[in-house]
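Colleague: What follows is the file structure_0.txt, containing compact mmCIF, C-alpha atoms and all ligand atoms:
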# COMPACT_ATOMS: atom_id res chain seq x y z
CA MET A 5 -13.90 -9.90 -3.40
CA LYS A 6 -10.77 -11.83 -2.40
CA VAL A 7 -7.78 -9.67 -1.47
CA GLY A 8 -4.24 -11.03 -1.20
CA ILE A 9 -1.84 -8.83 0.75
CA LEU A 10 1.93 -9.39 0.69
CA GLY A 11 3.03 -8.32 4.15
CA SER A 12 2.47 -8.85 7.86
CA GLY A 13 3.39 -5.38 9.16
CA ASP A 14 1.18 -2.47 10.25
CA VAL A 15 0.34 -1.54 6.64
CA ALA A 16 -0.78 -5.04 5.68
CA LYS A 17 -2.85 -5.39 8.86
CA ALA A 18 -4.47 -1.93 8.57
CA LEU A 19 -5.42 -2.52 4.93
CA GLY A 20 -6.52 -6.08 5.75
CA THR A 21 -8.78 -4.84 8.53
CA GLY A 22 -10.25 -2.20 6.19
CA PHE A 23 -11.06 -4.77 3.51
CA VAL A 24 -12.49 -7.24 6.07
CA THR A 25 -14.66 -4.49 7.60
CA LEU A 26 -16.06 -3.86 4.11
CA GLY A 27 -16.98 -7.56 3.83
CA HIS A 28 -14.09 -8.82 1.69
CA GLU A 29 -11.98 -11.93 2.32
CA VAL A 30 -8.30 -11.23 2.98
CA ARG A 31 -5.19 -13.39 3.04
CA LEU A 32 -1.94 -11.95 4.43
CA GLY A 33 1.27 -13.41 3.02
CA SER A 34 4.70 -13.68 4.64
CA ARG A 35 8.05 -15.34 4.03
CA THR A 36 6.76 -18.17 6.23
CA ALA A 37 3.19 -19.48 6.36
CA ASP A 38 2.95 -19.24 10.16
CA ASN A 39 4.12 -15.66 10.79
CA PRO A 40 2.72 -14.85 14.28
CA LYS A 41 1.93 -11.20 13.41
CA ALA A 42 -0.26 -12.41 10.55
CA THR A 43 -1.87 -15.31 12.43
CA ASP A 44 -2.65 -13.06 15.43
CA TRP A 45 -4.25 -10.56 13.06
CA ALA A 46 -6.34 -13.30 11.41
CA LYS A 47 -7.82 -14.18 14.83
CA THR A 48 -9.38 -10.67 14.97
CA THR A 49 -11.25 -11.02 11.67
CA HIS A 50 -14.17 -13.34 12.56
CA GLY A 51 -13.15 -15.84 9.89
CA LYS A 52 -12.74 -13.30 7.06
CA GLY A 53 -8.93 -13.23 7.29
CA SER A 54 -6.42 -15.99 6.66
CA THR A 55 -2.66 -16.28 6.30
CA GLY A 56 -0.06 -18.06 4.20
CA THR A 57 3.10 -17.52 2.23
CA PHE A 58 3.61 -14.68 -0.23
CA ALA A 59 2.65 -17.16 -3.01
CA ASP A 60 -0.54 -18.22 -1.14
CA ALA A 61 -1.63 -14.59 -0.76
CA ALA A 62 -0.89 -13.64 -4.38
CA ALA A 63 -2.72 -16.71 -5.72
CA PHE A 64 -5.70 -16.07 -3.41
CA GLY A 65 -6.36 -12.47 -4.37
CA ASP A 66 -8.66 -11.21 -7.12
CA ILE A 67 -6.62 -8.14 -6.38
CA VAL A 68 -3.21 -8.12 -4.68
CA VAL A 69 -1.61 -5.51 -2.41
CA LEU A 70 2.15 -4.98 -2.03
CA ALA A 71 2.78 -4.06 1.63
CA THR A 72 6.30 -5.31 2.24
CA LEU A 73 9.54 -3.56 3.22
CA GLY A 74 10.09 -1.25 0.24
CA VAL A 75 13.60 -2.34 -0.70
CA ALA A 76 12.66 -6.05 -0.31
CA THR A 77 9.47 -5.97 -2.38
CA GLU A 78 11.06 -7.26 -5.60
CA GLU A 79 12.30 -10.22 -3.56
CA ALA A 80 8.79 -10.74 -2.14
CA ILE A 81 7.31 -10.63 -5.68
CA ARG A 82 9.85 -13.23 -6.86
CA ALA A 83 8.98 -15.47 -3.89
CA ALA A 84 5.25 -15.02 -4.58
CA GLY A 85 5.65 -16.04 -8.23
CA PRO A 86 4.95 -13.24 -10.74
CA SER A 87 2.44 -15.38 -12.70
CA HIS A 88 0.11 -15.32 -9.68
CA PHE A 89 -0.43 -11.60 -10.40
CA ASP A 90 -1.24 -11.94 -14.11
CA GLY A 91 -4.25 -9.85 -15.20
CA LYS A 92 -4.83 -8.55 -11.65
CA VAL A 93 -4.98 -5.08 -10.18
CA VAL A 94 -2.00 -4.68 -7.82
CA ILE A 95 -2.08 -1.90 -5.24
CA ASP A 96 1.48 -0.82 -4.41
CA ALA A 97 1.60 0.81 -0.96
CA THR A 98 5.39 0.54 -0.59
CA ASN A 99 8.10 3.16 -0.27
CA PRO A 100 11.74 2.30 -1.12
CA LEU A 101 13.28 3.77 2.02
CA ALA A 102 16.92 3.84 3.13
CA PHE A 103 17.62 4.93 6.71
CA SER A 104 20.47 7.07 8.08
CA ALA A 105 22.38 6.15 11.26
CA GLU A 106 19.98 8.53 13.08
CA GLY A 107 16.98 6.60 11.69
CA LEU A 108 15.89 9.30 9.22
CA PRO A 109 14.49 8.02 5.90
CA SER A 110 15.50 8.97 2.38
CA LEU A 111 14.67 7.32 -0.94
CA ALA A 112 16.85 4.35 -1.93
CA ILE A 113 15.93 5.06 -5.57
CA GLY A 114 14.35 8.09 -7.27
CA HIS A 115 14.59 10.77 -10.01
CA THR A 116 15.07 8.22 -12.82
CA SER A 117 13.11 5.28 -11.39
CA SER A 118 10.87 4.32 -8.50
CA ALA A 119 9.61 1.28 -6.64
CA GLY A 120 6.31 1.55 -8.51
CA GLU A 121 8.09 1.28 -11.87
CA VAL A 122 10.37 -1.53 -10.68
CA HIS A 123 7.36 -3.51 -9.42
CA GLN A 124 5.38 -2.91 -12.65
CA LYS A 125 8.40 -4.22 -14.64
CA ALA A 126 8.58 -7.29 -12.38
CA LEU A 127 4.84 -7.87 -13.00
CA PRO A 128 4.45 -7.12 -16.73
CA LYS A 129 1.01 -8.78 -16.99
CA ALA A 130 -0.44 -7.08 -13.90
CA HIS A 131 -1.79 -3.53 -13.49
CA VAL A 132 0.14 -1.81 -10.71
CA VAL A 133 -1.47 1.22 -9.07
CA LYS A 134 0.46 3.22 -6.48
CA ALA A 135 -1.80 4.16 -3.56
CA PHE A 136 -1.80 4.51 0.24
CA ASN A 137 1.96 5.29 0.30
CA THR A 138 1.59 9.01 1.14
CA VAL A 139 -0.13 8.61 4.52
CA GLY A 140 0.43 6.72 7.79
CA ASN A 141 -1.39 3.42 8.23
CA THR A 142 -3.51 4.68 11.15
CA LEU A 143 -5.42 6.89 8.70
CA PHE A 144 -5.86 4.34 5.87
CA PHE A 145 -9.43 3.42 6.75
CA ARG A 146 -12.15 6.03 7.26
CA PRO A 147 -9.74 8.86 8.15
CA SER A 148 -11.51 11.25 10.47
CA LEU A 149 -9.82 14.64 10.74
CA PRO A 150 -11.21 18.00 11.92
CA GLN A 151 -10.48 19.57 8.49
CA GLY A 152 -12.38 16.86 6.60
CA PRO A 153 -11.11 13.92 4.55
CA PRO A 154 -7.56 14.16 3.18
CA THR A 155 -6.52 13.57 -0.44
CA MET A 156 -5.17 10.27 -1.78
CA PHE A 157 -2.74 10.43 -4.69
CA ILE A 158 -2.49 7.50 -7.09
CA CYS A 159 -0.76 6.63 -10.37
CA GLY A 160 -0.56 3.69 -12.74
CA ASN A 161 -0.57 2.78 -16.42
CA ASP A 162 -4.01 1.16 -16.70
CA ALA A 163 -7.11 3.40 -16.58
CA ALA A 164 -9.52 0.58 -15.60
CA ALA A 165 -7.22 -0.52 -12.76
CA LYS A 166 -7.06 3.05 -11.46
CA LYS A 167 -10.89 3.29 -11.60
CA LYS A 168 -11.09 0.10 -9.51
CA VAL A 169 -8.60 1.46 -6.96
CA GLU A 170 -10.43 4.79 -6.87
CA GLN A 171 -13.64 2.91 -5.97
CA ILE A 172 -11.79 1.01 -3.24
CA LEU A 173 -10.47 4.33 -1.92
CA HIS A 174 -14.00 5.78 -1.85
CA ASP A 175 -15.14 2.67 0.07
CA PHE A 176 -12.22 3.21 2.50
CA GLY A 177 -13.42 6.78 3.16
CA TRP A 178 -11.29 8.79 0.71
CA PRO A 179 -13.69 10.85 -1.48
CA SER A 180 -10.84 12.95 -2.93
CA VAL A 181 -8.46 11.02 -5.21
CA VAL A 182 -5.91 12.69 -7.50
CA ASP A 183 -4.52 10.68 -10.43
CA PHE A 184 -0.87 11.54 -11.18
CA GLY A 185 -0.88 9.67 -14.53
CA GLY A 186 1.42 6.75 -15.42
CA ILE A 187 3.33 4.58 -12.97
CA GLU A 188 6.38 6.86 -13.33
CA GLY A 189 4.40 9.26 -11.10
CA SER A 190 5.62 6.96 -8.29
CA ARG A 191 8.85 9.02 -8.35
CA GLU A 192 6.90 11.96 -6.92
CA LEU A 193 4.49 9.92 -4.78
CA GLU A 194 7.34 8.05 -3.09
CA ALA A 195 9.15 11.36 -2.43
CA MET A 196 5.92 12.58 -0.79
CA CYS A 197 6.46 9.90 1.86
CA ILE A 198 9.67 11.68 2.90
CA ALA A 199 7.78 15.00 2.99
CA TRP A 200 5.16 13.30 5.18
CA VAL A 201 7.79 11.94 7.64
CA LYS A 202 9.58 15.32 7.84
CA SER A 203 6.26 17.11 8.42
CA ALA A 204 5.32 14.63 11.14
CA ILE A 205 8.68 15.13 12.88
CA ALA A 206 8.37 18.93 12.62
CA LEU A 207 4.83 18.88 14.05
CA HIS A 208 5.52 16.12 16.63
CA ASP A 209 2.36 14.49 15.27
CA PHE A 210 2.14 11.37 13.10
CA LYS A 211 -1.65 11.57 12.64
CA ILE A 212 -1.36 13.88 9.65
CA ALA A 213 -2.32 13.64 5.98
CA PHE A 214 -2.03 15.74 2.83
CA LYS A 215 -5.10 17.60 1.54
CA LEU A 216 -5.19 19.35 -1.83
CA LEU A 217 -7.16 22.60 -1.65
CA LYS A 218 -8.85 24.13 -4.68
CA ALA A 219 -10.07 27.71 -5.27
N1 LIG B 1 4.13 2.25 8.25
C1 LIG B 1 3.30 3.05 7.58
O1 LIG B 1 2.42 3.70 8.18
C2 LIG B 1 3.40 3.13 6.08
C3 LIG B 1 2.51 3.96 5.39
C4 LIG B 1 2.52 3.95 3.98
C5 LIG B 1 3.42 3.12 3.31
N2 LIG B 1 4.30 2.34 4.03
C6 LIG B 1 5.16 1.40 3.29
O2 LIG B 1 4.46 0.15 3.34
C7 LIG B 1 5.38 -0.95 3.38
C8 LIG B 1 5.10 -1.82 4.59
O3 LIG B 1 5.37 -1.09 5.76
P1 LIG B 1 5.18 -1.73 7.23
O4 LIG B 1 5.58 -0.66 8.18
O5 LIG B 1 3.84 -2.36 7.37
O6 LIG B 1 6.17 -2.96 7.27
P2 LIG B 1 7.74 -3.17 6.99
O7 LIG B 1 8.40 -3.43 8.29
O8 LIG B 1 8.27 -2.07 6.12
O9 LIG B 1 7.68 -4.53 6.13
C9 LIG B 1 7.30 -5.71 6.73
C10 LIG B 1 7.08 -6.76 5.67
O10 LIG B 1 8.21 -6.84 4.79
C11 LIG B 1 8.60 -8.20 4.66
N3 LIG B 1 10.05 -8.31 4.49
C12 LIG B 1 11.03 -7.78 5.26
N4 LIG B 1 12.26 -8.13 4.79
C13 LIG B 1 12.03 -8.91 3.70
C14 LIG B 1 12.87 -9.59 2.78
N5 LIG B 1 14.22 -9.55 2.89
N6 LIG B 1 12.30 -10.28 1.76
C15 LIG B 1 10.95 -10.34 1.64
N7 LIG B 1 10.10 -9.72 2.49
C16 LIG B 1 10.63 -9.02 3.51
C17 LIG B 1 8.18 -8.86 5.97
O11 LIG B 1 8.02 -10.23 5.72
P3 LIG B 1 7.50 -11.26 6.86
O12 LIG B 1 6.01 -11.15 6.82
O13 LIG B 1 8.00 -12.57 6.40
O14 LIG B 1 8.10 -10.79 8.15
C18 LIG B 1 6.88 -8.14 6.27
O15 LIG B 1 5.79 -8.77 5.64
C19 LIG B 1 6.77 -0.33 3.37
O16 LIG B 1 7.25 -0.31 2.05
C20 LIG B 1 6.53 1.10 3.88
O17 LIG B 1 7.49 2.02 3.41
C21 LIG B 1 4.32 2.34 5.38
Write the structure described by the file as structure tokens, please.
Modeller:
Amino acid sequence: MKVGILGSGDVAKALGTGFVTLGHEVRLGSRTADNPKATDWAKTTHGKGSTGTFADAAAFGDIVVLATLGVATEEAIRAAGPSHFDGKVVIDATNPLAFSAEGLPSLAIGHTSSAGEVHQKALPKAHVVKAFNTVGNTLFFRPSLPQGPPTMFICGNDAAAKKKVEQILHDFGWPSVVDFGGIEGSRELEAMCIAWVKSAIALHDFKIAFKLLKA
């Protein structure tokens, strides 16, 4: 499978490395084609990873991942060209964060909308699935924790797209996936990012993840 990832940060690189390890081809996209973070990452992929602009990455992917600064993702989608996403599954890993003077995050939008919904509206012919946004990037791939694998929460409007993402999550080492329903579930999933950050600060430990326990 070919995977286009919009982003050159830790999230894009961690997901890119996961997909490459599973044998997929990955192209990271940036505002410029020669972003050094992306080109340095590509050198670690034994030829499976490449780089380009946001448009190059979106056109390349059979599926596309949104892994850009949350509040700039609409801009990244516009730069990529929305038609490059038509008919594709789009994994949205972003969180629309605003930061206080002390560096603490809150949601820039919420309650009545969410980044997931905004991105689905910007990509009306694509199938956006929110995933990977409720955990730190160091645990994206094959999370190994003493209490067993954590739970990934997803949402999106298209059942087939969610099945595809669920399979990808299983391949990434997440056997437990909870489907929140339509893309408006991003309002809760994006708020869970704030709960994750506050928990990490309280525990002085950023290698944490949510796990849903059942009786
Ligand atoms: N860090 C985590 O562990 C984690 C976990 C889950 C979800 N998330 C979410 O995942 C997303 C990516 O996080 P990150 O920490 O990897 O990176 P980030 O620093 O939030 O974003 C970096 C990316 O955003 C792009 N960008 C920045 N300003 C832009 C603008 N004005 N217009 C277009 N693109 C712009 C950059 O483009 P260039 O490539 O051109 O520099 C780069 O690709 C965020 O939404 C974050 O909230 C983060």
Colleague: For a cutoff of 6 Å around the file-coordinate point (-2.8, -19.3, 9.3), which residues qualify once you count all atoms listed in the file? I'd like the result as number ranges by chain.
Modeller: A: 38, 43, 54-56
Colleague: Show me, as a ChimeraX atom specification, the residues that have an atom within 10 Å of Leu101 in chain A when counting all atoms listed in the file, minus same-chain residues fewer than 3 positions from it.
Modeller: /A:73-75,98,104,108-113,119,194-195,197-198
Colleague: Calculated over only C-alpha atoms, which of the candidates A:Glu78, A:Glu29, A:Asp14, A:Asp162 has the smallest distance to Gly185 in chain A?
Modeller: A:Asp162
Colleague: Can you pull out every residue within 7 Å of range 91-96 of chain A, counting all atoms listed in the file, but drop anything in the same chain fewer than 4 positions away, and send it as a list in words?
Modeller: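 Listed by chain and then number, they are Asp66, Ile67, Val68, Val69, Leu70, Ala71, Gly120, Lys129, Ala130, His131, Val132, Val133, Lys134, Ala135 and Ala165 of chain A.
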Colleague: Do you have, as a tab-separated table, the list of residues of chain A lying at most 6 Å from ligand LIG 1 (chain B), each with its nearest atom pair and that distance in Å to one decimal, counting all atoms listed in the file and ordered by chain then number?
Modeller:
residue	atom	partner	partner_atom	distance
A:Gly11	CA	B:LIG1	O15	3.2
A:Ser12	CA	B:LIG1	O15	4.0
A:Gly13	CA	B:LIG1	O5	3.5
A:Asp14	CA	B:LIG1	O5	3.9
A:Val15	CA	B:LIG1	O5	3.7
A:Ala16	CA	B:LIG1	O5	5.6
A:Ser34	CA	B:LIG1	O12	3.6
A:Arg35	CA	B:LIG1	O13	3.6
A:Thr36	CA	B:LIG1	O13	5.7
A:Ala71	CA	B:LIG1	C8	4.4
A:Thr72	CA	B:LIG1	O10	3.5
A:Leu73	CA	B:LIG1	O8	3.5
A:Gly74	CA	B:LIG1	O16	3.5
A:Ala76	CA	B:LIG1	C14	4.7
A:Glu79	CA	B:LIG1	N6	5.3
A:Ala80	CA	B:LIG1	C15	4.4
A:Ala97	CA	B:LIG1	C5	5.2
A:Thr98	CA	B:LIG1	O16	3.3
A:Asn99	CA	B:LIG1	O17	3.9
A:Phe136	CA	B:LIG1	C4	5.7
A:Asn137	CA	B:LIG1	C4	4.0
A:Thr138	CA	B:LIG1	C4	5.9
A:Val139	CA	B:LIG1	C4	5.4
A:Gly140	CA	B:LIG1	O1	3.6
A:Asn141	CA	B:LIG1	O1	3.8
Colleague: Residues near range 147-150 of chain A, anyone? I mean within 9 Å using all atoms listed in the file, not counting same-chain ones fewer than 3 positions away, as a PyMOL selection string.
Modeller: chain A and resi 142-144+153-154+176-178+211-213
Colleague: Which of these residues is nearest to Lys218 in chain A, using all atoms listed in the file: A:His28, A:Thr155, A:Arg82, A:Ala105?
Modeller: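 Nearest candidate to Lys218 in chain A out of A:His28, A:Thr155, A:Arg82, A:Ala105: A:Thr155.
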Colleague: Rounded to one decimal place, report the CA of Gly53 in chain A-CA of Arg31 in chain A distance in Å.
Modeller: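 Between CA of Gly53 in chain A and CA of Arg31 in chain A the gap is 5.7 Å.
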Colleague: If you count all atoms listed in the file, which residues fall within 12 Å of Lys167 in chain A, apart from same-chain ones fewer than 2 positions away, as number ranges by chain?
Modeller: A: 93, 131, 133, 158-165, 169-174, 181-183
Colleague: What does the structure give for the distance between CA of Val30 in chain A and CA of Pro179 in chain A, in Å to one decimal?
Modeller: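 If I compute the distance from CA of Val30 in chain A to CA of Pro179 in chain A, I get 23.2 Å.
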Colleague: Using CA of Glu106 in chain A and CA of Ala18 in chain A as the two end points, give the distance in Å to one decimal.
Modeller: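 If I compute the distance from CA of Glu106 in chain A to CA of Ala18 in chain A, I get 27.0 Å.
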Colleague: Quick one: residues within 10 Å of Gly27 in chain A, all atoms listed in the file counted, chain neighbours fewer than 3 positions away excluded, as a PyMOL selection string?
Modeller: chain A and resi 5-6+21-24+30+52
Colleague: Considering all atoms listed in the file, can you say which of A:Lys17, A:Leu207, A:Trp200, A:Leu10 comes closest to Lys41 in chain A?
Modeller: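 Looking at the shortest contact to Lys41 in chain A, the residue is A:Lys17.
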Colleague: Counting all atoms listed in the file, which residue out of A:Ile81, A:Ala46, A:Gly186, A:Gly107 sits closest to Lys166 in chain A?
Modeller: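 For Lys166 in chain A, the nearest of the given residues is A:Gly186.
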Colleague: With all atoms listed in the file as the basis for distance, which of A:Gly51, A:Pro128, A:Gly33, A:Gly152 is at the shortest distance from Phe89 in chain A?
Modeller: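 Ranking A:Gly51, A:Pro128, A:Gly33, A:Gly152 by distance to Phe89 in chain A, first place goes to A:Pro128.
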